[in-house]
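> Contents are mmCIF, C-alpha atoms and all ligand atoms; file name target12.cif:
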```cif
data_my_file
#
loop_
_atom_site.label_atom_id
_atom_site.label_comp_id
_atom_site.auth_asym_id
_atom_site.auth_seq_id
_atom_site.Cartn_x
_atom_site.Cartn_y
_atom_site.Cartn_z
CA MET A 1 13.55 -34.99 11.90
CA ASN A 2 15.19 -35.95 8.63
CA SER A 3 18.62 -34.28 8.62
CA ARG A 4 18.32 -33.65 4.88
CA TYR A 5 15.87 -30.91 5.85
CA ASP A 6 18.12 -29.17 8.38
CA TRP A 7 18.79 -26.27 6.03
CA ILE A 8 15.05 -25.77 5.55
CA THR A 9 14.43 -25.73 9.29
CA LYS A 10 17.25 -23.20 9.68
CA GLU A 11 15.89 -20.95 6.94
CA MET A 12 12.39 -21.11 8.39
CA SER A 13 13.71 -20.10 11.86
CA GLU A 14 15.51 -17.16 10.26
CA LEU A 15 12.34 -16.07 8.49
CA ALA A 16 10.39 -16.26 11.75
CA GLU A 17 13.07 -14.27 13.62
CA ARG A 18 12.82 -11.49 11.02
CA SER A 19 8.99 -11.47 11.20
CA LEU A 20 8.91 -12.69 7.62
CA GLU A 21 7.25 -16.09 7.99
CA ARG A 22 3.93 -16.37 6.18
CA SER A 23 0.93 -18.56 6.92
CA LEU A 24 -2.48 -19.20 5.40
CA PRO A 25 -5.38 -17.63 7.31
CA LEU A 26 -8.60 -19.62 7.00
CA ILE A 27 -11.27 -17.43 5.39
CA THR A 28 -15.02 -17.99 5.28
CA PRO A 29 -17.03 -15.63 3.10
CA ASP A 30 -19.94 -13.85 4.73
CA SER A 31 -23.44 -14.84 3.59
CA GLU A 32 -23.85 -11.21 2.57
CA GLN A 33 -22.57 -11.16 -1.03
CA SER A 34 -20.99 -7.72 -1.28
CA GLY A 35 -17.64 -9.13 -0.12
CA LYS A 36 -17.06 -6.32 2.36
CA THR A 37 -17.18 -8.58 5.40
CA ILE A 38 -15.35 -11.89 5.85
CA TRP A 39 -14.83 -14.40 8.61
CA ILE A 40 -11.27 -15.26 9.59
CA GLN A 41 -10.91 -18.05 12.12
CA GLY A 42 -14.37 -17.43 13.55
CA GLU A 43 -14.23 -13.62 13.68
CA LYS A 44 -16.36 -11.40 11.48
CA LEU A 45 -14.21 -8.59 10.02
CA LEU A 46 -14.63 -5.56 7.80
CA ASN A 47 -12.61 -6.50 4.74
CA LEU A 48 -10.11 -3.78 3.89
CA SER A 49 -7.72 -6.11 2.06
CA SER A 50 -9.65 -7.27 -0.96
CA ASN A 51 -9.01 -6.67 -4.66
CA ASN A 52 -12.74 -7.18 -5.27
CA TYR A 53 -12.92 -3.41 -5.80
CA LEU A 54 -16.40 -3.28 -7.29
CA GLY A 55 -17.82 -5.85 -4.88
CA ILE A 56 -19.06 -8.21 -7.58
CA ALA A 57 -17.24 -11.43 -6.65
CA GLY A 58 -20.44 -12.91 -5.21
CA HIS A 59 -22.86 -11.21 -7.62
CA PRO A 60 -25.89 -13.42 -8.44
CA ARG A 61 -25.35 -12.82 -12.18
CA LEU A 62 -21.82 -14.20 -11.97
CA ILE A 63 -22.99 -17.21 -10.01
CA GLU A 64 -25.76 -17.87 -12.53
CA ALA A 65 -23.34 -17.54 -15.45
CA ALA A 66 -21.03 -20.08 -13.82
CA LYS A 67 -23.91 -22.52 -13.26
CA GLN A 68 -25.19 -22.28 -16.81
CA ALA A 69 -21.74 -22.67 -18.34
CA THR A 70 -21.07 -25.71 -16.18
CA GLN A 71 -24.36 -27.28 -17.21
CA GLN A 72 -23.65 -26.65 -20.87
CA TRP A 73 -19.92 -27.36 -21.07
CA GLY A 74 -19.01 -29.38 -17.97
CA THR A 75 -16.55 -28.59 -15.23
CA GLY A 76 -13.21 -28.64 -17.02
CA ALA A 77 -11.70 -27.65 -20.35
CA THR A 78 -10.01 -31.10 -20.36
CA ALA A 79 -7.07 -30.01 -22.52
CA SER A 80 -4.94 -27.11 -23.65
CA ARG A 81 -6.82 -24.58 -25.73
CA LEU A 82 -4.63 -25.58 -28.66
CA VAL A 83 -5.76 -29.20 -28.38
CA VAL A 84 -9.46 -29.72 -27.53
CA GLY A 85 -9.92 -27.17 -24.74
CA ASN A 86 -11.09 -24.25 -26.84
CA TYR A 87 -14.89 -24.07 -26.56
CA SER A 88 -16.75 -21.21 -28.32
CA LEU A 89 -17.38 -19.31 -25.09
CA TYR A 90 -13.71 -18.34 -25.15
CA HIS A 91 -14.08 -16.57 -28.49
CA GLN A 92 -17.23 -14.75 -27.44
CA VAL A 93 -15.57 -13.41 -24.33
CA GLU A 94 -12.34 -12.51 -26.14
CA GLU A 95 -14.36 -10.49 -28.65
CA GLN A 96 -16.12 -8.73 -25.78
CA LEU A 97 -12.77 -7.92 -24.13
CA ALA A 98 -11.17 -6.60 -27.34
CA ALA A 99 -14.17 -4.38 -28.11
CA TRP A 100 -14.16 -3.01 -24.56
CA LYS A 101 -10.45 -2.19 -24.68
CA GLY A 102 -10.76 -0.71 -28.17
CA ARG A 103 -8.20 -3.11 -29.63
CA GLU A 104 -8.24 -5.52 -32.56
CA ALA A 105 -7.99 -8.75 -30.60
CA ALA A 106 -7.75 -10.33 -27.16
CA LEU A 107 -6.36 -13.56 -25.75
CA ILE A 108 -7.41 -15.04 -22.41
CA PHE A 109 -4.75 -16.59 -20.15
CA PRO A 110 -5.17 -18.76 -17.05
CA ASN A 111 -4.18 -15.91 -14.70
CA GLY A 112 -2.30 -12.64 -14.54
CA TYR A 113 0.95 -14.21 -13.45
CA MET A 114 0.97 -16.46 -16.50
CA ALA A 115 -0.17 -13.69 -18.87
CA ASN A 116 2.81 -11.56 -17.84
CA VAL A 117 5.26 -14.43 -18.10
CA ALA A 118 3.73 -15.43 -21.45
CA ALA A 119 3.93 -12.00 -23.04
CA ILE A 120 7.46 -11.20 -21.89
CA THR A 121 9.00 -14.58 -22.68
CA SER A 122 7.35 -14.53 -26.13
CA LEU A 123 8.43 -11.04 -27.09
CA VAL A 124 12.02 -10.93 -25.86
CA GLY A 125 14.91 -13.32 -25.43
CA ARG A 126 18.70 -13.41 -25.33
CA GLY A 127 20.25 -10.24 -26.76
CA ASP A 128 17.11 -8.18 -26.07
CA ALA A 129 16.58 -5.63 -23.32
CA VAL A 130 13.67 -5.14 -20.94
CA PHE A 131 13.27 -1.84 -19.09
CA SER A 132 11.11 -2.40 -16.04
CA ASP A 133 9.96 -0.16 -13.18
CA LYS A 134 11.58 -1.18 -9.87
CA LEU A 135 8.18 -1.63 -8.25
CA ASN A 136 6.64 -3.80 -10.98
CA HIS A 137 4.75 -6.89 -9.91
CA ALA A 138 6.71 -10.10 -9.23
CA SER A 139 5.12 -11.83 -12.24
CA ILE A 140 6.74 -9.25 -14.52
CA VAL A 141 10.09 -9.76 -12.83
CA ASP A 142 9.77 -13.54 -13.18
CA GLY A 143 8.79 -13.18 -16.84
CA ILE A 144 11.92 -11.14 -17.51
CA ILE A 145 14.16 -13.62 -15.71
CA LEU A 146 12.65 -16.53 -17.66
CA SER A 147 12.99 -14.66 -20.96
CA ARG A 148 16.81 -14.49 -20.59
CA ALA A 149 16.72 -10.91 -21.90
CA ASP A 150 18.89 -8.28 -20.20
CA HIS A 151 16.97 -6.75 -17.31
CA TYR A 152 17.28 -3.01 -16.64
CA ARG A 153 15.30 -1.74 -13.69
CA TYR A 154 14.57 1.98 -13.66
CA ARG A 155 13.86 3.87 -10.45
CA HIS A 156 10.17 3.95 -9.66
CA ASN A 157 8.36 6.18 -12.19
CA ASP A 158 11.64 7.97 -12.96
CA MET A 159 11.46 8.79 -16.68
CA GLU A 160 14.90 10.42 -16.74
CA HIS A 161 16.44 7.24 -15.44
CA LEU A 162 14.47 5.18 -17.97
CA GLU A 163 15.60 7.42 -20.82
CA HIS A 164 19.19 7.18 -19.66
CA LEU A 165 18.96 3.37 -19.72
CA LEU A 166 17.26 3.38 -23.13
CA GLN A 167 20.10 5.48 -24.53
CA LYS A 168 22.78 3.38 -22.91
CA HIS A 169 21.36 0.08 -24.16
CA GLY A 170 19.96 1.39 -27.43
CA ASN A 171 21.73 -1.26 -29.53
CA ALA A 172 19.84 -4.20 -28.03
CA ARG A 173 18.11 -6.33 -30.68
CA ARG A 174 14.61 -5.62 -29.31
CA LYS A 175 13.57 -3.29 -26.50
CA LEU A 176 10.56 -3.75 -24.26
CA ILE A 177 9.39 -1.21 -21.68
CA VAL A 178 7.07 -2.70 -19.07
CA THR A 179 5.13 -1.19 -16.21
CA ASP A 180 2.18 -1.72 -13.90
CA SER A 181 -0.45 0.97 -14.55
CA ILE A 182 -1.45 1.08 -10.89
CA PHE A 183 1.28 -0.23 -8.60
CA SER A 184 -0.19 -3.05 -6.56
CA MET A 185 1.47 -2.30 -3.22
CA ASP A 186 1.70 1.49 -3.48
CA GLY A 187 -1.52 2.45 -5.26
CA ASP A 188 0.11 5.17 -7.36
CA HIS A 189 0.10 5.18 -11.15
CA ALA A 190 2.73 5.07 -13.87
CA PRO A 191 3.40 8.09 -16.14
CA ILE A 192 1.81 6.34 -19.09
CA LEU A 193 1.87 9.36 -21.43
CA GLU A 194 5.62 9.80 -21.01
CA LEU A 195 6.11 6.07 -21.47
CA THR A 196 4.33 6.13 -24.84
CA ARG A 197 6.54 9.04 -25.87
CA LEU A 198 9.71 7.13 -24.92
CA ARG A 199 8.40 4.03 -26.67
CA ASP A 200 8.12 6.01 -29.92
CA GLN A 201 11.39 7.84 -29.49
CA TYR A 202 13.44 4.72 -28.79
CA ASP A 203 11.55 2.35 -31.08
CA ALA A 204 10.63 0.02 -28.23
CA LEU A 205 7.54 -2.04 -27.43
CA LEU A 206 5.42 -0.92 -24.46
CA MET A 207 3.59 -3.34 -22.19
CA VAL A 208 1.22 -2.12 -19.45
CA ASP A 209 -0.17 -4.35 -16.71
CA GLU A 210 -3.63 -3.00 -15.91
CA ALA A 211 -4.35 -5.57 -13.17
CA HIS A 212 -5.48 -2.82 -10.79
CA GLY A 213 -6.59 -0.26 -13.39
CA SER A 214 -9.13 -2.37 -15.28
CA GLY A 215 -12.68 -1.97 -14.01
CA VAL A 216 -11.57 1.01 -11.92
CA TYR A 217 -10.53 3.74 -14.41
CA GLY A 218 -12.19 4.83 -17.65
CA GLU A 219 -15.83 5.58 -18.40
CA GLN A 220 -16.67 1.91 -18.81
CA GLY A 221 -13.84 0.67 -16.62
CA GLU A 222 -11.49 0.11 -19.56
CA GLY A 223 -8.46 1.03 -17.49
CA LEU A 224 -6.01 3.86 -16.93
CA CYS A 225 -4.57 3.75 -20.48
CA HIS A 226 -8.04 4.26 -21.87
CA ALA A 227 -8.82 7.04 -19.40
CA LEU A 228 -5.68 8.81 -20.66
CA GLY A 229 -6.59 8.16 -24.31
CA VAL A 230 -3.42 6.16 -25.08
CA HIS A 231 -4.78 2.61 -25.12
CA GLU A 232 -3.96 2.26 -28.82
CA GLN A 233 -0.35 3.29 -28.25
CA VAL A 234 0.35 0.49 -25.80
CA ASP A 235 1.55 -2.62 -27.63
CA VAL A 236 0.58 -5.11 -24.93
CA LEU A 237 -2.41 -4.21 -22.76
CA MET A 238 -2.62 -6.81 -20.05
CA GLY A 239 -5.35 -7.12 -17.42
CA THR A 240 -6.51 -9.62 -14.81
CA CYS A 241 -9.98 -10.90 -13.97
CA SER A 242 -8.99 -11.66 -10.40
CA LYS A 243 -9.48 -8.14 -9.07
CA ALA A 244 -12.28 -5.73 -10.13
CA PHE A 245 -13.82 -8.55 -12.22
CA GLY A 246 -14.24 -10.58 -9.03
CA THR A 247 -13.40 -13.85 -10.77
CA TYR A 248 -10.23 -15.44 -12.22
CA GLY A 249 -8.17 -15.42 -15.38
CA ALA A 250 -6.43 -12.70 -17.36
CA TYR A 251 -6.20 -11.32 -20.88
CA ILE A 252 -3.98 -9.47 -23.27
CA CYS A 253 -5.48 -7.02 -25.78
CA ALA A 254 -3.40 -5.94 -28.74
CA ASP A 255 -3.18 -5.84 -32.56
CA HIS A 256 -4.24 -9.04 -34.40
CA ILE A 257 -0.70 -9.86 -35.43
CA LEU A 258 0.62 -9.67 -31.89
CA ILE A 259 -2.19 -11.85 -30.54
CA ARG A 260 -1.56 -14.43 -33.29
CA TYR A 261 2.11 -14.38 -32.36
CA LEU A 262 1.38 -14.86 -28.64
CA LEU A 263 -0.94 -17.76 -29.44
CA ASN A 264 1.93 -19.46 -31.23
CA LYS A 265 4.73 -18.63 -28.81
CA SER A 266 3.32 -18.43 -25.28
CA ARG A 267 4.35 -21.49 -23.33
CA PRO A 268 2.09 -20.59 -20.35
CA LEU A 269 -0.85 -20.77 -22.77
CA ILE A 270 0.20 -23.69 -24.95
CA TYR A 271 1.34 -26.05 -22.22
CA THR A 272 -1.53 -25.76 -19.79
CA THR A 273 -5.18 -26.69 -19.67
CA GLY A 274 -7.75 -24.04 -20.61
CA LEU A 275 -9.77 -22.34 -17.90
CA PRO A 276 -12.94 -24.10 -16.72
CA PRO A 277 -16.03 -22.97 -18.71
CA ALA A 278 -17.60 -21.54 -15.54
CA THR A 279 -14.67 -19.15 -15.14
CA VAL A 280 -14.75 -17.94 -18.73
CA ALA A 281 -18.50 -17.33 -18.44
CA THR A 282 -18.02 -15.26 -15.27
CA ILE A 283 -15.41 -13.12 -17.04
CA GLY A 284 -17.97 -12.27 -19.73
CA GLU A 285 -20.71 -11.54 -17.20
CA ALA A 286 -18.43 -9.47 -14.96
CA LEU A 287 -17.46 -7.40 -17.98
CA ARG A 288 -21.13 -6.66 -18.71
CA ILE A 289 -21.64 -5.48 -15.12
CA ILE A 290 -18.46 -3.39 -15.22
CA ARG A 291 -19.66 -1.61 -18.38
CA GLU A 292 -23.29 -1.25 -17.36
CA GLU A 293 -22.85 -0.07 -13.78
CA PRO A 294 -20.57 2.99 -13.66
CA GLU A 295 -22.12 3.88 -10.30
CA ARG A 296 -19.95 1.18 -8.72
CA ARG A 297 -16.83 2.98 -9.99
CA GLU A 298 -18.15 6.34 -8.81
CA GLN A 299 -18.81 4.98 -5.31
CA LEU A 300 -15.39 3.35 -5.28
CA ARG A 301 -13.82 6.69 -6.13
CA ARG A 302 -15.79 8.47 -3.37
CA ASN A 303 -14.84 5.78 -0.84
CA GLY A 304 -11.16 5.97 -1.80
CA ASP A 305 -11.09 9.76 -1.55
CA PHE A 306 -12.83 9.71 1.82
CA PHE A 307 -10.55 7.03 3.27
CA ARG A 308 -7.36 8.63 1.94
CA HIS A 309 -8.20 12.11 3.19
CA ALA A 310 -9.27 10.91 6.63
CA LEU A 311 -6.08 8.88 7.12
CA THR A 312 -3.95 11.83 5.97
CA ASP A 313 -5.80 14.11 8.40
CA ALA A 314 -5.13 11.58 11.16
CA GLY A 315 -1.39 12.00 10.47
CA PHE A 316 -0.51 8.78 8.62
CA THR A 317 2.07 8.64 5.83
CA LEU A 318 0.29 7.22 2.79
CA GLY A 319 1.12 6.32 -0.76
CA THR A 320 0.27 8.89 -3.41
CA GLY A 321 -2.37 8.32 -6.07
CA ASP A 322 -6.12 8.09 -6.36
CA SER A 323 -6.66 4.35 -6.66
CA PRO A 324 -8.54 2.10 -4.19
CA ILE A 325 -5.15 0.87 -2.92
CA ILE A 326 -4.14 2.96 0.09
CA PRO A 327 -0.98 1.81 1.87
CA VAL A 328 -0.06 3.10 5.32
CA TYR A 329 3.73 2.95 5.65
CA VAL A 330 4.94 1.52 8.94
CA GLY A 331 8.59 0.61 8.28
CA GLU A 332 9.63 -2.39 10.33
CA ASN A 333 8.14 -5.82 9.62
CA GLN A 334 7.33 -6.47 13.25
CA HIS A 335 5.45 -3.18 13.63
CA ALA A 336 3.41 -3.86 10.54
CA LEU A 337 2.52 -7.33 11.81
CA GLU A 338 1.51 -5.96 15.20
CA PHE A 339 -0.57 -3.22 13.57
CA SER A 340 -2.38 -5.81 11.46
CA ARG A 341 -2.93 -8.07 14.49
CA GLN A 342 -4.48 -5.26 16.52
CA LEU A 343 -6.66 -4.21 13.59
CA ARG A 344 -7.97 -7.73 13.44
CA GLU A 345 -8.77 -7.67 17.16
CA ALA A 346 -10.72 -4.47 16.48
CA GLY A 347 -12.69 -6.16 13.66
CA ILE A 348 -10.73 -5.12 10.56
CA ALA A 349 -9.00 -7.38 8.03
CA ALA A 350 -5.97 -5.48 6.72
CA VAL A 351 -2.80 -7.37 5.94
CA ALA A 352 0.78 -6.41 6.67
CA ILE A 353 2.86 -6.40 3.49
CA ARG A 354 6.52 -7.21 4.05
CA PRO A 355 9.62 -7.98 1.99
CA PRO A 356 10.17 -9.51 -0.48
CA THR A 357 6.80 -8.18 -1.73
CA VAL A 358 7.99 -4.64 -0.90
CA PRO A 359 11.53 -3.26 -0.36
CA ALA A 360 13.15 -3.83 3.05
CA GLY A 361 12.27 -1.17 5.63
CA THR A 362 8.99 -0.26 3.90
CA ALA A 363 6.59 -2.74 5.50
CA ARG A 364 3.08 -1.41 5.37
CA ILE A 365 -0.57 -2.06 5.88
CA ARG A 366 -2.11 -2.21 2.43
CA PHE A 367 -5.67 -1.00 2.79
CA SER A 368 -8.00 -1.34 -0.17
CA VAL A 369 -11.51 0.02 -0.30
CA MET A 370 -14.46 -1.42 -2.18
CA ALA A 371 -17.50 0.18 -3.82
CA THR A 372 -19.73 -1.71 -1.41
CA HIS A 373 -18.27 -0.20 1.78
CA THR A 374 -20.46 2.50 3.27
CA ILE A 375 -19.00 5.81 4.42
CA GLU A 376 -20.16 4.91 7.97
CA GLU A 377 -18.17 1.66 7.88
CA LEU A 378 -15.08 3.44 6.59
CA ASP A 379 -15.48 6.19 9.16
CA TRP A 380 -15.64 3.63 11.95
CA ALA A 381 -12.57 1.84 10.56
CA ILE A 382 -10.59 5.08 10.37
CA GLY A 383 -11.34 5.72 14.06
CA GLU A 384 -9.96 2.28 14.95
CA ILE A 385 -6.94 2.62 12.64
CA ALA A 386 -6.06 6.02 14.17
CA ARG A 387 -6.49 4.70 17.74
CA ILE A 388 -4.17 1.74 17.10
CA GLY A 389 -1.77 3.90 15.09
CA ARG A 390 -1.44 6.26 18.07
CA GLU A 391 -0.98 3.41 20.56
CA LEU A 392 1.77 1.92 18.43
CA GLY A 393 3.44 5.26 17.82
CA VAL A 394 2.89 5.16 14.05
CA ILE A 395 1.21 8.57 14.38
CA THR A 396 1.65 11.07 17.14
CA SER A 397 -1.38 13.36 16.75
C1 LIG A 401 0.10 -5.83 -10.94
C2 LIG A 401 -0.26 -7.28 -10.93
N1 LIG A 401 -0.01 -8.02 -12.01
C3 LIG A 401 -0.30 -9.32 -12.04
C4 LIG A 401 -0.90 -9.96 -10.98
C5 LIG A 401 -1.19 -11.42 -11.05
O1 LIG A 401 -2.54 -11.62 -11.34
P1 LIG A 401 -3.26 -12.98 -10.96
O2 LIG A 401 -3.60 -12.90 -9.52
O3 LIG A 401 -4.45 -13.03 -11.86
O4 LIG A 401 -2.30 -14.08 -11.25
C6 LIG A 401 -1.22 -9.21 -9.85
C7 LIG A 401 -1.93 -9.81 -8.70
O5 LIG A 401 -1.48 -10.43 -7.85
C8 LIG A 401 -0.88 -7.85 -9.80
O6 LIG A 401 -1.11 -7.12 -8.72
#
```
Could you render the structure from this file as structure tokens?
Ligand SMILES: Cc1ncc(COP(=O)(O)O)c(C=O)c1O


Amino acid sequence: MNSRYDWITKEMSELAERSLERSLPLITPDSEQSGKTIWIQGEKLLNLSSNNYLGIAGHPRLIEAAKQATQQWGTGATASRLVVGNYSLYHQVEEQLAAWKGREAALIFPNGYMANVAAITSLVGRGDAVFSDKLNHASIVDGIILSRADHYRYRHNDMEHLEHLLQKHGNARRKLIVTDSIFSMDGDHAPILELTRLRDQYDALLMVDEAHGSGVYGEQGEGLCHALGVHEQVDVLMGTCSKAFGTYGAYICADHILIRYLLNKSRPLIYTTGLPPATVATIGEALRIIREEPERREQLRRNGDFFRHALTDAGFTLGTGDSPIIPVYVGENQHALEFSRQLREAGIAAVAIRPPTVPAGTARIRFSVMATHTIEELDWAIGEIARIGRELGVITS
């Protein structure tokens, strides 16, 4: 082999030795469109790893919307939105999103990763300070690094620590507090009310990533900030369409002036091609389903409660919170991988999450329930999870 790659080979061996090498499993969707079963390398599995919380990723209305948009507008945007890639569908859907979130305006981005990078790099730079929860998503961390602002990480959900940092670095030019609303690998939620209070007290901007809250919380799925009645006090309300929406893309909802500013400053929006028309159409259609069908959210809540309580009763250590994300903490990477492998043998898709996605020593199985799971399916899965957990010594009961 080419000796120029020796260091890569060495690093890959080290990753493998530490059970940290990743690979791409080959997935085939099931013909049944609820998304709750998938095929991985020829085996049919109950899907307990999906972010398709409401089970609408294969909904006939989304598929139809994609077909019609493709027929009308073609397959690609063909340019940046600021050049000739900005067809009228974008504006219709942005108006829908802003109205839903109860904000003046919305801006669609290619995906959640880019929306986070775009917002943070536009709003802060050298001489500014960003205060970010230690468990925030990697796209927030990357946005802060790219922004060149000073990066202060507060202990997870620790408002005293945040306040201490805000006091200590109070003379920064601009201050931005940023948090996930629902933490993607832990399933718990941020203390949003306290964060709005600190925002006001320290004259900072507040950005909340509702990737896992949108579609799931709020009467019409508006998100956790809305459910708590503070959606107007969050300066940057970000959400993705890759999770409960069952499609792709992301958006930021905010005041007009802030959206106009982002449109002018966001490199991940300016220097990339607009989303394909089919995708934008599915965002609009998914939003209609999310608003019109609260029963999906109610079932999701019931499924989450059932799954969480049953695993707790079985003796597992879980994350706190009431979201559809229910992590079972295992500890060592190798144990988590083995747990996941045996779950797959039993007919369950549930991935092991390891560093660097989560802190070292906290490898876990991240279960996520969907509205389309039945209680019988979840009950069966819990039996298998408990059996394997006992065999591996994760639980003793
Ligand atoms: C909290 C959070 N923010 C942002 C993202 C990125 O979203 P997307 O997958 O649309 O890029 C994710 C998903 O991976 C996430 O969990």

> Which residues are near stretch 373-384 of chain A? Cut-off 10 Å, only C-alpha atoms, ignore same chain within fewer than 4 positions. Put them as a PDB file with C-alpha atoms, keeping the file's coordinate frame.


```pdb
ATOM      1  CA  SER A  34     -20.990  -7.720  -1.280  1.00  0.00           C
ATOM      2  CA  GLY A  35     -17.640  -9.130  -0.120  1.00  0.00           C
ATOM      3  CA  LYS A  36     -17.060  -6.320   2.360  1.00  0.00           C
ATOM      4  CA  THR A  37     -17.180  -8.580   5.400  1.00  0.00           C
ATOM      5  CA  LEU A  46     -14.630  -5.560   7.800  1.00  0.00           C
ATOM      6  CA  ASN A  47     -12.610  -6.500   4.740  1.00  0.00           C
ATOM      7  CA  LEU A  48     -10.110  -3.780   3.890  1.00  0.00           C
ATOM      8  CA  TYR A  53     -12.920  -3.410  -5.800  1.00  0.00           C
ATOM      9  CA  LEU A  54     -16.400  -3.280  -7.290  1.00  0.00           C
ATOM     10  CA  GLY A  55     -17.820  -5.850  -4.880  1.00  0.00           C
ATOM     11  CA  GLN A 299     -18.810   4.980  -5.310  1.00  0.00           C
ATOM     12  CA  LEU A 300     -15.390   3.350  -5.280  1.00  0.00           C
ATOM     13  CA  ARG A 302     -15.790   8.470  -3.370  1.00  0.00           C
ATOM     14  CA  ASN A 303     -14.840   5.780  -0.840  1.00  0.00           C
ATOM     15  CA  GLY A 304     -11.160   5.970  -1.800  1.00  0.00           C
ATOM     16  CA  PHE A 306     -12.830   9.710   1.820  1.00  0.00           C
ATOM     17  CA  PHE A 307     -10.550   7.030   3.270  1.00  0.00           C
ATOM     18  CA  ARG A 308      -7.360   8.630   1.940  1.00  0.00           C
ATOM     19  CA  ALA A 310      -9.270  10.910   6.630  1.00  0.00           C
ATOM     20  CA  LEU A 311      -6.080   8.880   7.120  1.00  0.00           C
ATOM     21  CA  ALA A 314      -5.130  11.580  11.160  1.00  0.00           C
ATOM     22  CA  GLN A 342      -4.480  -5.260  16.520  1.00  0.00           C
ATOM     23  CA  LEU A 343      -6.660  -4.210  13.590  1.00  0.00           C
ATOM     24  CA  ALA A 346     -10.720  -4.470  16.480  1.00  0.00           C
ATOM     25  CA  GLY A 347     -12.690  -6.160  13.660  1.00  0.00           C
ATOM     26  CA  ILE A 348     -10.730  -5.120  10.560  1.00  0.00           C
ATOM     27  CA  VAL A 369     -11.510   0.020  -0.300  1.00  0.00           C
ATOM     28  CA  ILE A 388      -4.170   1.740  17.100  1.00  0.00           C
ATOM     29  CA  GLY A 389      -1.770   3.900  15.090  1.00  0.00           C
ATOM     30  CA  ARG A 390      -1.440   6.260  18.070  1.00  0.00           C
TER      31      ARG A 390
END
```

> One decimal, in Å: what's the spacing between atom CA of A:Ile40 and atom CA of A:Leu26?

5.7 Å

> Go through the chains and note each residue within 10 Å of ligand LIG 401 (chain A), using only C-alpha atoms and all ligand atoms, then give the set as a ChimeraX atom specification.

/A:51,109-117,135-140,179-185,208-213,238-243,247-251

> Let's have the selection written as a short mmCIF file (atom, residue, chain, number, x, y, z; two decimals), in the coordinates of the input, with C-alpha atoms.


```cif
data_model
loop_
_atom_site.label_atom_id
_atom_site.label_comp_id
_atom_site.auth_asym_id
_atom_site.auth_seq_id
_atom_site.Cartn_x
_atom_site.Cartn_y
_atom_site.Cartn_z
CA ASN A 51 -9.01 -6.67 -4.66
CA PHE A 109 -4.75 -16.59 -20.15
CA PRO A 110 -5.17 -18.76 -17.05
CA ASN A 111 -4.18 -15.91 -14.70
CA GLY A 112 -2.30 -12.64 -14.54
CA TYR A 113 0.95 -14.21 -13.45
CA MET A 114 0.97 -16.46 -16.50
CA ALA A 115 -0.17 -13.69 -18.87
CA ASN A 116 2.81 -11.56 -17.84
CA VAL A 117 5.26 -14.43 -18.10
CA LEU A 135 8.18 -1.63 -8.25
CA ASN A 136 6.64 -3.80 -10.98
CA HIS A 137 4.75 -6.89 -9.91
CA ALA A 138 6.71 -10.10 -9.23
CA SER A 139 5.12 -11.83 -12.24
CA ILE A 140 6.74 -9.25 -14.52
CA THR A 179 5.13 -1.19 -16.21
CA ASP A 180 2.18 -1.72 -13.90
CA SER A 181 -0.45 0.97 -14.55
CA ILE A 182 -1.45 1.08 -10.89
CA PHE A 183 1.28 -0.23 -8.60
CA SER A 184 -0.19 -3.05 -6.56
CA MET A 185 1.47 -2.30 -3.22
CA VAL A 208 1.22 -2.12 -19.45
CA ASP A 209 -0.17 -4.35 -16.71
CA GLU A 210 -3.63 -3.00 -15.91
CA ALA A 211 -4.35 -5.57 -13.17
CA HIS A 212 -5.48 -2.82 -10.79
CA GLY A 213 -6.59 -0.26 -13.39
CA MET A 238 -2.62 -6.81 -20.05
CA GLY A 239 -5.35 -7.12 -17.42
CA THR A 240 -6.51 -9.62 -14.81
CA CYS A 241 -9.98 -10.90 -13.97
CA SER A 242 -8.99 -11.66 -10.40
CA LYS A 243 -9.48 -8.14 -9.07
CA THR A 247 -13.40 -13.85 -10.77
CA TYR A 248 -10.23 -15.44 -12.22
CA GLY A 249 -8.17 -15.42 -15.38
CA ALA A 250 -6.43 -12.70 -17.36
CA TYR A 251 -6.20 -11.32 -20.88
#
```

> Would you mind telling me which residue in A:Ile27, A:Leu123, A:Leu206, A:Leu263 lies nearest to A:Glu43 when using only C-alpha atoms?

A:Ile27

> Write out as a VMD selection string the residues lying within 10 Å of A:His91, counting all atoms listed in the file and excluding same-chain residues fewer than 5 positions away.

chain A and resid 86 96 to 97 106 to 108 280

> Quick one: distance from atom CA of A:Lys101 to atom CA of A:Ile192 in Å, one decimal?

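Interatomic distance, atom CA of A:Lys101 to atom CA of A:Ile192: 15.9 Å.
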
> If we count only C-alpha atoms, what is near A:His226 at a cut-off of 12 Å, once residues fewer than 2 positions away on the same chain are taken out, given as a VMD selection string?

chain A and resid 100 to 103 181 192 to 193 208 210 213 to 224 228 to 234 237

> Can you measure atom CA of A:Ala129 to atom CA of A:Asp150 for me? One decimal in Å is fine.

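The value is 4.7 Å.
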
> Go through A:Leu205, A:Ile145, A:Leu45, A:Ile365 and flag the residue nearest A:Ile385, using all atoms listed in the file for the distances.

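Looking only at the distances to A:Ile385, the closest residue turns out to be A:Ile365.
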
> Out of A:Arg22, A:Pro327, A:Ala65, A:Ser122, which residue has the shortest atom-to-atom distance to A:Leu262 when counting only C-alpha atoms?

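Among the listed residues, the smallest separation from A:Leu262 belongs to A:Ser122.
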
> Which one is closest to A:Ala254: A:Glu338, A:Glu292, A:Glu194, A:Asp235? Count only C-alpha atoms.

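Ranked by minimum distance to A:Ala254, first place goes to A:Asp235.
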
> Work out where the centre of an axis-aligned box around every listed atom of stretch 229-239 of chain A lies and how long its edges are once 6 Å is added on each side; give both in Å to one decimal as AutoDock Vina command-line options.


```
--center_x -2.5 --center_y 0.5 --center_z -23.1 --size_x 20.1 --size_y 27.3 --size_z 23.4
```
